[in-house]
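Q: Could you have a look at this structure, given as structure tokens, before my questions?
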Amino acid sequence: MNVPEGAALVRKGGGVRRSSGVMRRGLAGFCCLAARGAVVGRGMGGMGIANSEAPAIPFPEIHAMSPRNLIVIGNGMAGIRTVEELLTLAPEQYRITIVSTEPVAAYNRIMLSPVLAGEKSFEDIVTHSLDWYAERGITLLAGRTVTDIQRRQREVILDDGSVLPYDRLLFATGSVPFIIPVPGHQHPDVVSFRDIQDVNRMLAATAQKKRVAVIGGGLLGLEAANGLLRQGMEVTIIHDMPHLMNRQLDAEASDMLRHELEARGMHFRLGVFTASIVATPDGEHLEKLVFKDGSELATDMVVMAVGIRPNVSLAKKTGLQVDKAILVNDTMQTFDPCIYAVGECVQHRGALFGLVAPLFEQAKVCANHLAGMGIARYVQRATATTLKVSGVNIFSAGDFTDVTADSLVLRDPASGVYKRLLVKNDRVIGSVLYGDTNDGSWYFDLIREQRNVADLRESLLFGRALHDPVATV
Ligand SMILES: Cc1cc2nc3c(=O)[nH]c(=O)nc-3n(C[C@H](O)[C@H](O)[C@H](O)COP(=O)(O)OP(=O)(O)OC[C@H]3O[C@@H](n4cnc5c(N)ncnc54)[C@H](O)[C@@H]3O)c2cc1C
């Protein structure tokens with residue numbers, strides 16, 4: 001499924017102008033003609049953001065009989081889902097071009113963990129084959145990066161100098177992994193865990209290297225550590241907090257998780273801060289990590305899984321309004337009415353995003369407005385987290401830190417089960433489950449719906465089966 005650098009699926013009339021590399025390299029053998037001619041509505045709902053600072057960009061009328069150009073920057077889970085939703089609502093409305101730095105068709109990023117663990121292959125997690133794009137007349141420019149945008153001319157510029165005109169532009173540029181800038185962080189054996197290239201680098205390293213230090217004891221770090229352990233490496237997790245997954249788990253569930261992972265052979269250094277990454281004198285290989293307390297850990301490879309930052313460099317360069325991420329209103333529209341944004345690159349009402357569920361809801365709303373329907377609004381909802389480490393069942397949702405809430409707890413150490421629900425004003429506001437997560441979705445519904453649970457309270461921890469046996473059959 002790998003597409004070589006510069007490969008492209010280009011549709012005739014797809015709108016690549018003055019292009020050098022893309023047209024030269026991409027057209028041969030990859031043309032597919034899509035004759036589309038639908039009426040296009042005006043449809044820019046959500047002009048809700050007042051923008052006093054940004055330069056006024058003329059808002060173009062959309063009334064032509066021919067399809068307009070939609071360019072999507074990013075072929076990740078948010079971008080491709082928006083395109084899917086749009087094709088369902090208005091399949092004829094746009095000539096769609098997707099530009100993707102990653103030289104591959106779309107894949108399920110959350111399944112990189114099973115690929116690293118050897119449980120799945122890359123082919124198993126590809127969600128949209130090249131045929132999928134071709135059959136829908138979508139131009140995929142894989143292995144190409146948008147380097148600039150001329151908003152007045154409504155053109156994007158690619159890294160090979162190609163210029164693509166757009167009527168609507170969608171930012172779906174995702175996030176970049178954060179790398180702690182300690183001395184030594186640029187060594188080639190320091191890797192992040194974000195895309196298939198990172199996974200391939202780690203898998204290649206498992207053949208030559210023995211010891212790995214994973215910096216970050218959150219969800220991603222634990223999944224990376226589990227994968228590398230399963231590949232036969234000696235794994236140590238470094239975490240700056242005393243508890244693993246401290247954003248999702250309380251201390252008790254976190255300790256149960258650590259004991260389980262220790263029993264599988266994982267090592268931990270908790271509550272320590274990395275000061276530097278030291279290579280061998282010739283610089284060829286990694287030698288050790290040095291911590292701020294002076295202690296050291298010998299290692300051949302370092303995986304940094306310490307968080308992500310919204311990928312906003314292009315948005316900033318083009319003058320879009322950016323705070324921590326690209327600012328959007330409830331319709332996923334940016335301050336430029338021709339430009340929308342979805343996914344981890346957006347900031348909506350102060351919130352940033354790092355899980356797929358909200359991105360898919362954003363995609364639906366955005367497609368609704370791109371299609372000219374103009375009736376959907378994005379509303380933030382609670383999210384739930386599970387850990388993808390086989391044999392370890394964890395579920396976490398809502399707020400479990402509110403000390404003013406009542407804490408209902410069920411412990412069964414012999415079976416390795418721990419359940420904690422936080423209840424406030426007769427509503428469940430948070431849930432942490434370890435060992436038995438069967439009722440996770442029920443608790444999650446209670447949290448999202450904010451149902452009054454006064455009548456259920458005494459037996460809430462025993463699960464849905466007790467209250468609604470039919471629903472659990
Ligand atoms: C290993 C792993 C496991 C995860 N597990 C879970 C999980 O269990 N549950 C969950 O809900 N979430 C999980 N996530 C998070 C989830 O995958 C992300 O929230 C989601 O994929 C983000 O989608 P996105 O489209 O916003 O960004 P991305 O998927 O990052 O896509 C952005 C794309 O845009 C491209 N791009 C950026 N700039 C440009 C440019 N200028 N020109 C062209 N292309 C550009 C990038 O190369 C990238 O391909 C996981 C993430 C990882 C890495």
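The way I read the labels, and the way they are meant: chains A, B, ... in the order of the structure tokens, residue 1 as the first residue of every chain, and ligand 1 as the first ligand shown, with later ones counted on from there.
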Would you mind listing what lies within 10 Å of stretch 439-453 of chain A as a compact mmCIF listing (two decimals) with N, CA and C atoms, in the first residue's frame, with only C-alpha atoms counted and same-chain residues fewer than 4 positions away left out?
A:
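selection24.txt written:
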# COMPACT_ATOMS: atom_id res chain seq x y z
N ARG A 381 -18.81 16.89 23.76
CA ARG A 381 -19.41 15.91 24.66
C ARG A 381 -18.29 15.16 25.38
N ALA A 382 -18.67 14.51 26.49
CA ALA A 382 -17.67 13.75 27.26
C ALA A 382 -17.07 12.66 26.38
N THR A 383 -15.82 12.31 26.65
CA THR A 383 -15.18 11.24 25.90
C THR A 383 -14.75 10.14 26.85
N ALA A 384 -14.56 8.95 26.30
CA ALA A 384 -14.12 7.81 27.12
C ALA A 384 -12.82 7.26 26.56
N THR A 385 -12.04 6.64 27.42
CA THR A 385 -10.75 6.10 27.00
C THR A 385 -10.63 4.64 27.37
N THR A 386 -10.05 3.87 26.48
CA THR A 386 -9.68 2.49 26.81
C THR A 386 -8.21 2.30 26.43
N ILE A 394 -9.27 -1.61 30.74
CA ILE A 394 -9.35 -0.34 31.45
C ILE A 394 -10.38 0.53 30.75
N PHE A 395 -11.19 1.20 31.54
CA PHE A 395 -12.14 2.15 30.97
C PHE A 395 -12.13 3.38 31.86
N SER A 396 -12.12 4.54 31.25
CA SER A 396 -12.13 5.78 32.03
C SER A 396 -12.95 6.82 31.28
N ALA A 397 -13.84 7.50 32.00
CA ALA A 397 -14.65 8.55 31.35
C ALA A 397 -15.01 9.60 32.38
N GLY A 398 -15.17 10.81 31.89
CA GLY A 398 -15.63 11.91 32.74
C GLY A 398 -14.57 12.37 33.73
N ASP A 399 -15.05 12.97 34.81
CA ASP A 399 -14.17 13.58 35.80
C ASP A 399 -14.07 12.68 37.02
N LYS A 419 -13.73 -0.88 40.57
CA LYS A 419 -14.68 0.03 39.90
C LYS A 419 -14.90 1.24 40.79
N LEU A 421 -17.07 4.97 40.81
CA LEU A 421 -17.98 5.93 40.16
C LEU A 421 -18.01 7.19 40.99
N LEU A 422 -17.98 8.32 40.35
CA LEU A 422 -18.13 9.58 41.06
C LEU A 422 -19.54 10.11 40.81
N VAL A 423 -20.25 10.36 41.90
CA VAL A 423 -21.63 10.80 41.78
C VAL A 423 -21.78 12.16 42.47
N LYS A 424 -22.39 13.09 41.75
CA LYS A 424 -22.58 14.42 42.32
C LYS A 424 -23.99 14.88 41.94
N ASN A 425 -24.71 15.38 42.91
CA ASN A 425 -26.09 15.84 42.66
C ASN A 425 -26.92 14.78 41.95
N ASP A 426 -26.73 13.52 42.39
CA ASP A 426 -27.47 12.37 41.83
C ASP A 426 -27.16 12.11 40.36
N ARG A 427 -26.05 12.60 39.90
CA ARG A 427 -25.62 12.32 38.52
C ARG A 427 -24.23 11.67 38.54
N VAL A 428 -24.00 10.71 37.67
CA VAL A 428 -22.65 10.15 37.54
C VAL A 428 -21.82 11.14 36.75
N ILE A 429 -20.67 11.53 37.32
CA ILE A 429 -19.83 12.49 36.58
C ILE A 429 -18.51 11.88 36.13
N GLY A 430 -18.17 10.71 36.69
CA GLY A 430 -16.91 10.09 36.29
C GLY A 430 -16.91 8.60 36.59
N SER A 431 -16.08 7.85 35.84
CA SER A 431 -16.03 6.41 36.03
C SER A 431 -14.63 5.89 35.71
N VAL A 432 -14.10 5.07 36.62
CA VAL A 432 -12.82 4.39 36.35
C VAL A 432 -13.06 2.91 36.58
N LEU A 433 -12.80 2.10 35.57
CA LEU A 433 -13.01 0.66 35.70
C LEU A 433 -11.70 -0.05 35.36
N ARG A 457 -28.66 4.22 42.85
CA ARG A 457 -27.39 4.46 43.52
C ARG A 457 -26.81 3.25 44.26
N GLU A 458 -27.67 2.56 45.06
CA GLU A 458 -27.14 1.50 45.91
C GLU A 458 -26.54 0.35 45.11
N LEU A 460 -25.66 0.63 41.75
CA LEU A 460 -25.06 1.15 40.51
C LEU A 460 -23.79 0.40 40.12
N LEU A 461 -22.97 0.09 41.13
CA LEU A 461 -21.68 -0.54 40.85
C LEU A 461 -21.81 -1.97 40.34
N PHE A 462 -22.99 -2.58 40.55
CA PHE A 462 -23.15 -3.96 40.09
C PHE A 462 -23.54 -4.05 38.62
N GLY A 463 -23.72 -2.89 38.01
CA GLY A 463 -23.84 -2.89 36.56
C GLY A 463 -25.24 -2.85 36.03
N ARG A 464 -25.29 -2.78 34.71
CA ARG A 464 -26.56 -2.59 34.03
C ARG A 464 -27.48 -3.81 34.14
N ALA A 465 -26.87 -5.00 34.20
CA ALA A 465 -27.67 -6.23 34.18
C ALA A 465 -28.70 -6.24 35.30
N THR A 472 -29.03 -6.02 28.41
CA THR A 472 -27.70 -6.63 28.41
C THR A 472 -27.67 -8.00 27.75
Q: If DSSP is run on the backbone, what residues of stretch 165-222 of chain A are alpha helix (DSSP H)? A reply as a VMD selection string would be ideal.
A: chain A and resid 196 to 206 219 to 222
Q: Using only C-alpha atoms, pick whichever of A:Thr236, A:Gln186, A:Asn200, A:Thr318 has the shortest atom-to-atom distance to A:Gly283.
A: A:Gln186
Q: With ligand 1 as the partner and 8 Å as the cut-off, tabulate the residues of chain A that qualify, each row holding the nearest pair of atoms and their distance in Å to one decimal, using only C-alpha atoms and all ligand atoms, sorted by chain and rising number, as JSON lines.
A:
{"residue": "A:Ile73", "atom": "CA", "partner": "ligand 1", "partner_atom_place_in_ligand_line": "43 (C)", "distance": 5.0}
{"residue": "A:Gly74", "atom": "CA", "partner": "ligand 1", "partner_atom_place_in_ligand_line": "34 (O)", "distance": 3.2}
{"residue": "A:Asn75", "atom": "CA", "partner": "ligand 1", "partner_atom_place_in_ligand_line": "33 (C)", "distance": 5.1}
{"residue": "A:Gly76", "atom": "CA", "partner": "ligand 1", "partner_atom_place_in_ligand_line": "31 (O)", "distance": 3.3}
{"residue": "A:Met77", "atom": "CA", "partner": "ligand 1", "partner_atom_place_in_ligand_line": "25 (O)", "distance": 4.0}
{"residue": "A:Ala78", "atom": "CA", "partner": "ligand 1", "partner_atom_place_in_ligand_line": "25 (O)", "distance": 3.6}
{"residue": "A:Gly79", "atom": "CA", "partner": "ligand 1", "partner_atom_place_in_ligand_line": "25 (O)", "distance": 5.3}
{"residue": "A:Ile80", "atom": "CA", "partner": "ligand 1", "partner_atom_place_in_ligand_line": "25 (O)", "distance": 7.4}
{"residue": "A:Val99", "atom": "CA", "partner": "ligand 1", "partner_atom_place_in_ligand_line": "43 (C)", "distance": 4.9}
{"residue": "A:Ser100", "atom": "CA", "partner": "ligand 1", "partner_atom_place_in_ligand_line": "44 (N)", "distance": 3.7}
{"residue": "A:Thr101", "atom": "CA", "partner": "ligand 1", "partner_atom_place_in_ligand_line": "44 (N)", "distance": 4.0}
{"residue": "A:Glu102", "atom": "CA", "partner": "ligand 1", "partner_atom_place_in_ligand_line": "47 (O)", "distance": 4.8}
{"residue": "A:Asn108", "atom": "CA", "partner": "ligand 1", "partner_atom_place_in_ligand_line": "21 (O)", "distance": 7.1}
{"residue": "A:Arg109", "atom": "CA", "partner": "ligand 1", "partner_atom_place_in_ligand_line": "17 (O)", "distance": 4.5}
{"residue": "A:Ile110", "atom": "CA", "partner": "ligand 1", "partner_atom_place_in_ligand_line": "4 (C)", "distance": 3.6}
{"residue": "A:Met111", "atom": "CA", "partner": "ligand 1", "partner_atom_place_in_ligand_line": "3 (C)", "distance": 6.3}
{"residue": "A:Leu112", "atom": "CA", "partner": "ligand 1", "partner_atom_place_in_ligand_line": "1 (C)", "distance": 4.9}
{"residue": "A:Ser113", "atom": "CA", "partner": "ligand 1", "partner_atom_place_in_ligand_line": "1 (C)", "distance": 5.2}
{"residue": "A:Gly143", "atom": "CA", "partner": "ligand 1", "partner_atom_place_in_ligand_line": "43 (C)", "distance": 7.9}
{"residue": "A:Arg144", "atom": "CA", "partner": "ligand 1", "partner_atom_place_in_ligand_line": "43 (C)", "distance": 6.0}
{"residue": "A:Thr145", "atom": "CA", "partner": "ligand 1", "partner_atom_place_in_ligand_line": "42 (N)", "distance": 3.5}
{"residue": "A:Val146", "atom": "CA", "partner": "ligand 1", "partner_atom_place_in_ligand_line": "42 (N)", "distance": 4.0}
{"residue": "A:Thr147", "atom": "CA", "partner": "ligand 1", "partner_atom_place_in_ligand_line": "41 (N)", "distance": 5.7}
{"residue": "A:Asp148", "atom": "CA", "partner": "ligand 1", "partner_atom_place_in_ligand_line": "41 (N)", "distance": 8.0}
{"residue": "A:Leu158", "atom": "CA", "partner": "ligand 1", "partner_atom_place_in_ligand_line": "42 (N)", "distance": 7.7}
{"residue": "A:Ala172", "atom": "CA", "partner": "ligand 1", "partner_atom_place_in_ligand_line": "25 (O)", "distance": 5.5}
{"residue": "A:Thr173", "atom": "CA", "partner": "ligand 1", "partner_atom_place_in_ligand_line": "34 (O)", "distance": 3.7}
{"residue": "A:Gly174", "atom": "CA", "partner": "ligand 1", "partner_atom_place_in_ligand_line": "27 (O)", "distance": 3.1}
{"residue": "A:Ser175", "atom": "CA", "partner": "ligand 1", "partner_atom_place_in_ligand_line": "30 (O)", "distance": 5.1}
{"residue": "A:Val176", "atom": "CA", "partner": "ligand 1", "partner_atom_place_in_ligand_line": "30 (O)", "distance": 7.2}
{"residue": "A:Phe193", "atom": "CA", "partner": "ligand 1", "partner_atom_place_in_ligand_line": "53 (C)", "distance": 5.8}
{"residue": "A:Arg194", "atom": "CA", "partner": "ligand 1", "partner_atom_place_in_ligand_line": "53 (C)", "distance": 3.9}
{"residue": "A:Asp195", "atom": "CA", "partner": "ligand 1", "partner_atom_place_in_ligand_line": "53 (C)", "distance": 6.2}
{"residue": "A:Leu219", "atom": "CA", "partner": "ligand 1", "partner_atom_place_in_ligand_line": "5 (N)", "distance": 7.7}
{"residue": "A:Leu220", "atom": "CA", "partner": "ligand 1", "partner_atom_place_in_ligand_line": "1 (C)", "distance": 5.9}
{"residue": "A:Glu223", "atom": "CA", "partner": "ligand 1", "partner_atom_place_in_ligand_line": "1 (C)", "distance": 7.2}
{"residue": "A:Ala224", "atom": "CA", "partner": "ligand 1", "partner_atom_place_in_ligand_line": "1 (C)", "distance": 7.4}
{"residue": "A:Asn311", "atom": "CA", "partner": "ligand 1", "partner_atom_place_in_ligand_line": "37 (C)", "distance": 6.6}
{"residue": "A:Leu314", "atom": "CA", "partner": "ligand 1", "partner_atom_place_in_ligand_line": "41 (N)", "distance": 6.1}
{"residue": "A:Val342", "atom": "CA", "partner": "ligand 1", "partner_atom_place_in_ligand_line": "26 (O)", "distance": 6.6}
{"residue": "A:Gly343", "atom": "CA", "partner": "ligand 1", "partner_atom_place_in_ligand_line": "26 (O)", "distance": 3.5}
{"residue": "A:Glu344", "atom": "CA", "partner": "ligand 1", "partner_atom_place_in_ligand_line": "26 (O)", "distance": 3.9}
{"residue": "A:Cys345", "atom": "CA", "partner": "ligand 1", "partner_atom_place_in_ligand_line": "26 (O)", "distance": 6.0}
{"residue": "A:Phe353", "atom": "CA", "partner": "ligand 1", "partner_atom_place_in_ligand_line": "19 (O)", "distance": 6.8}
{"residue": "A:Gly354", "atom": "CA", "partner": "ligand 1", "partner_atom_place_in_ligand_line": "19 (O)", "distance": 4.2}
{"residue": "A:Leu355", "atom": "CA", "partner": "ligand 1", "partner_atom_place_in_ligand_line": "11 (O)", "distance": 3.4}
{"residue": "A:Val356", "atom": "CA", "partner": "ligand 1", "partner_atom_place_in_ligand_line": "11 (O)", "distance": 3.9}
{"residue": "A:Ala357", "atom": "CA", "partner": "ligand 1", "partner_atom_place_in_ligand_line": "11 (O)", "distance": 5.8}
{"residue": "A:Leu359", "atom": "CA", "partner": "ligand 1", "partner_atom_place_in_ligand_line": "26 (O)", "distance": 6.7}
{"residue": "A:Thr385", "atom": "CA", "partner": "ligand 1", "partner_atom_place_in_ligand_line": "9 (N)", "distance": 6.6}
{"residue": "A:Thr386", "atom": "CA", "partner": "ligand 1", "partner_atom_place_in_ligand_line": "8 (O)", "distance": 6.4}
{"residue": "A:Leu387", "atom": "CA", "partner": "ligand 1", "partner_atom_place_in_ligand_line": "8 (O)", "distance": 6.5}
{"residue": "A:Lys388", "atom": "CA", "partner": "ligand 1", "partner_atom_place_in_ligand_line": "8 (O)", "distance": 6.3}
Q: Can I get the selected residues back with N, CA and C atoms, as a short mmCIF file (atom, residue, chain, number, x, y, z; two decimals), in the first residue's frame?
A:
data_model
loop_
_atom_site.label_atom_id
_atom_site.label_comp_id
_atom_site.auth_asym_id
_atom_site.auth_seq_id
_atom_site.Cartn_x
_atom_site.Cartn_y
_atom_site.Cartn_z
N ILE A 73 -6.32 19.51 3.38
CA ILE A 73 -4.91 19.38 3.78
C ILE A 73 -4.84 18.37 4.91
N GLY A 74 -4.38 17.17 4.60
CA GLY A 74 -4.29 16.12 5.61
C GLY A 74 -5.25 14.99 5.29
N ASN A 75 -4.72 13.80 5.24
CA ASN A 75 -5.49 12.61 4.89
C ASN A 75 -5.65 11.71 6.12
N GLY A 76 -5.62 12.34 7.30
CA GLY A 76 -5.76 11.57 8.54
C GLY A 76 -7.22 11.27 8.82
N MET A 77 -7.49 10.85 10.06
CA MET A 77 -8.82 10.33 10.36
C MET A 77 -9.90 11.41 10.30
N ALA A 78 -9.56 12.64 10.66
CA ALA A 78 -10.57 13.70 10.62
C ALA A 78 -10.82 14.16 9.18
N GLY A 79 -9.76 14.32 8.41
CA GLY A 79 -9.91 14.80 7.03
C GLY A 79 -10.70 13.82 6.18
N ILE A 80 -10.31 12.58 6.24
CA ILE A 80 -10.96 11.58 5.37
C ILE A 80 -12.41 11.35 5.82
N VAL A 99 -4.40 16.54 -0.04
CA VAL A 99 -2.93 16.61 -0.02
C VAL A 99 -2.46 15.99 1.29
N SER A 100 -1.52 15.07 1.19
CA SER A 100 -1.11 14.34 2.38
C SER A 100 0.41 14.20 2.45
N THR A 101 0.99 14.70 3.51
CA THR A 101 2.44 14.54 3.69
C THR A 101 2.81 13.07 3.77
N GLU A 102 1.97 12.30 4.45
CA GLU A 102 2.28 10.87 4.57
C GLU A 102 2.07 10.20 3.20
N ASN A 108 -6.08 3.67 9.80
CA ASN A 108 -6.62 3.88 11.14
C ASN A 108 -5.46 4.08 12.12
N ARG A 109 -5.21 5.34 12.46
CA ARG A 109 -4.03 5.65 13.27
C ARG A 109 -4.10 4.96 14.64
N ILE A 110 -5.29 4.81 15.17
CA ILE A 110 -5.35 4.25 16.53
C ILE A 110 -4.93 2.77 16.53
N MET A 111 -4.91 2.16 15.34
CA MET A 111 -4.51 0.75 15.27
C MET A 111 -3.01 0.58 15.03
N LEU A 112 -2.25 1.68 15.13
CA LEU A 112 -0.79 1.54 15.02
C LEU A 112 -0.26 0.71 16.18
N SER A 113 -0.95 0.77 17.34
CA SER A 113 -0.47 0.01 18.50
C SER A 113 -0.49 -1.49 18.22
N GLY A 143 2.27 12.04 -0.20
CA GLY A 143 3.70 12.35 -0.21
C GLY A 143 3.97 13.79 -0.61
N ARG A 144 2.94 14.60 -0.59
CA ARG A 144 3.07 16.03 -0.93
C ARG A 144 2.64 16.85 0.28
N THR A 145 3.26 18.02 0.45
CA THR A 145 2.95 18.87 1.60
C THR A 145 2.52 20.25 1.10
N VAL A 146 1.48 20.79 1.72
CA VAL A 146 1.10 22.18 1.42
C VAL A 146 2.05 23.08 2.20
N THR A 147 2.76 23.94 1.49
CA THR A 147 3.76 24.78 2.16
C THR A 147 3.29 26.22 2.34
N ASP A 148 2.29 26.61 1.55
CA ASP A 148 1.82 27.99 1.68
C ASP A 148 0.39 28.10 1.13
N LEU A 158 2.16 23.79 -3.12
CA LEU A 158 2.74 22.55 -2.61
C LEU A 158 4.26 22.62 -2.59
N ALA A 172 -6.95 19.81 7.99
CA ALA A 172 -7.07 18.61 8.84
C ALA A 172 -5.65 18.13 9.10
N THR A 173 -4.84 19.06 9.61
CA THR A 173 -3.39 18.81 9.70
C THR A 173 -2.97 18.10 10.99
N GLY A 174 -3.94 17.78 11.84
CA GLY A 174 -3.64 16.94 13.00
C GLY A 174 -2.68 17.55 14.01
N SER A 175 -1.82 16.70 14.56
CA SER A 175 -0.88 17.11 15.60
C SER A 175 0.53 16.66 15.25
N VAL A 176 1.47 17.22 15.96
CA VAL A 176 2.84 16.70 15.89
C VAL A 176 3.23 16.23 17.29
N PHE A 193 5.95 8.30 18.39
CA PHE A 193 4.97 7.25 18.07
C PHE A 193 3.73 7.94 17.53
N ARG A 194 3.76 8.27 16.25
CA ARG A 194 2.65 9.02 15.69
C ARG A 194 2.13 8.40 14.38
N ASP A 195 3.06 7.93 13.54
CA ASP A 195 2.60 7.45 12.23
C ASP A 195 3.28 6.14 11.85
N LEU A 219 -1.35 6.89 27.92
CA LEU A 219 -1.94 5.89 27.03
C LEU A 219 -0.99 5.46 25.91
N LEU A 220 -0.44 6.45 25.23
CA LEU A 220 0.40 6.16 24.07
C LEU A 220 1.70 5.47 24.47
N GLU A 223 1.08 1.87 25.33
CA GLU A 223 0.83 1.04 24.14
C GLU A 223 2.13 0.81 23.37
N ALA A 224 2.98 1.82 23.30
CA ALA A 224 4.29 1.64 22.65
C ALA A 224 5.11 0.61 23.43
N ASN A 311 -0.90 20.81 15.03
CA ASN A 311 -0.02 21.18 13.91
C ASN A 311 -0.58 22.44 13.25
N LEU A 314 1.35 25.93 9.43
CA LEU A 314 0.84 26.43 8.15
C LEU A 314 -0.29 27.44 8.37
N VAL A 342 -10.87 20.76 10.95
CA VAL A 342 -11.39 19.68 11.80
C VAL A 342 -10.23 18.90 12.40
N GLY A 343 -10.50 18.24 13.50
CA GLY A 343 -9.51 17.31 14.06
C GLY A 343 -8.63 17.92 15.13
N GLU A 344 -7.49 17.29 15.32
CA GLU A 344 -6.60 17.70 16.40
C GLU A 344 -5.97 19.07 16.17
N CYS A 345 -6.10 19.62 14.96
CA CYS A 345 -5.50 20.94 14.71
C CYS A 345 -6.44 22.06 15.14
N PHE A 353 -8.33 18.66 21.13
CA PHE A 353 -8.86 17.31 20.96
C PHE A 353 -7.73 16.31 20.72
N GLY A 354 -7.90 15.09 21.24
CA GLY A 354 -6.86 14.08 21.07
C GLY A 354 -7.41 12.67 20.94
N LEU A 355 -8.73 12.57 20.78
CA LEU A 355 -9.36 11.26 20.59
C LEU A 355 -10.24 11.33 19.34
N VAL A 356 -10.52 10.17 18.74
CA VAL A 356 -11.22 10.21 17.46
C VAL A 356 -12.72 10.53 17.56
N ALA A 357 -13.36 10.14 18.67
CA ALA A 357 -14.82 10.32 18.74
C ALA A 357 -15.23 11.77 18.46
N LEU A 359 -13.61 14.02 16.86
CA LEU A 359 -13.22 14.41 15.50
C LEU A 359 -14.28 13.95 14.49
N THR A 385 -12.04 6.64 27.42
CA THR A 385 -10.75 6.10 27.00
C THR A 385 -10.63 4.64 27.37
N THR A 386 -10.05 3.87 26.48
CA THR A 386 -9.68 2.49 26.81
C THR A 386 -8.21 2.30 26.43
N LEU A 387 -7.56 1.33 27.05
CA LEU A 387 -6.15 1.07 26.74
C LEU A 387 -6.10 -0.15 25.82
N LYS A 388 -5.34 -0.02 24.71
CA LYS A 388 -5.27 -1.15 23.77
C LYS A 388 -4.05 -2.03 24.07
#
Q: Select from stretch 237-294 of chain A everything DSSP, run on the backbone, classes as strand (DSSP E), then give the selection as a list in words.
A: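 Output for stretch 237-294 of chain A, strand (DSSP E) only: Ile237, Ile238, His239, His267, Phe268, Arg269, Leu270, Thr274, Ala275, Ser276, Ile277, Val278, Ala279, Leu286, Glu287, Lys288, Leu289, Val290 and Phe291 of chain A.
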Q: Between A:Gly372, A:Gly232, A:Gly184, A:Pro91, which residue has the minimum interatomic distance to A:Val290, considering only C-alpha atoms?
A: A:Gly184
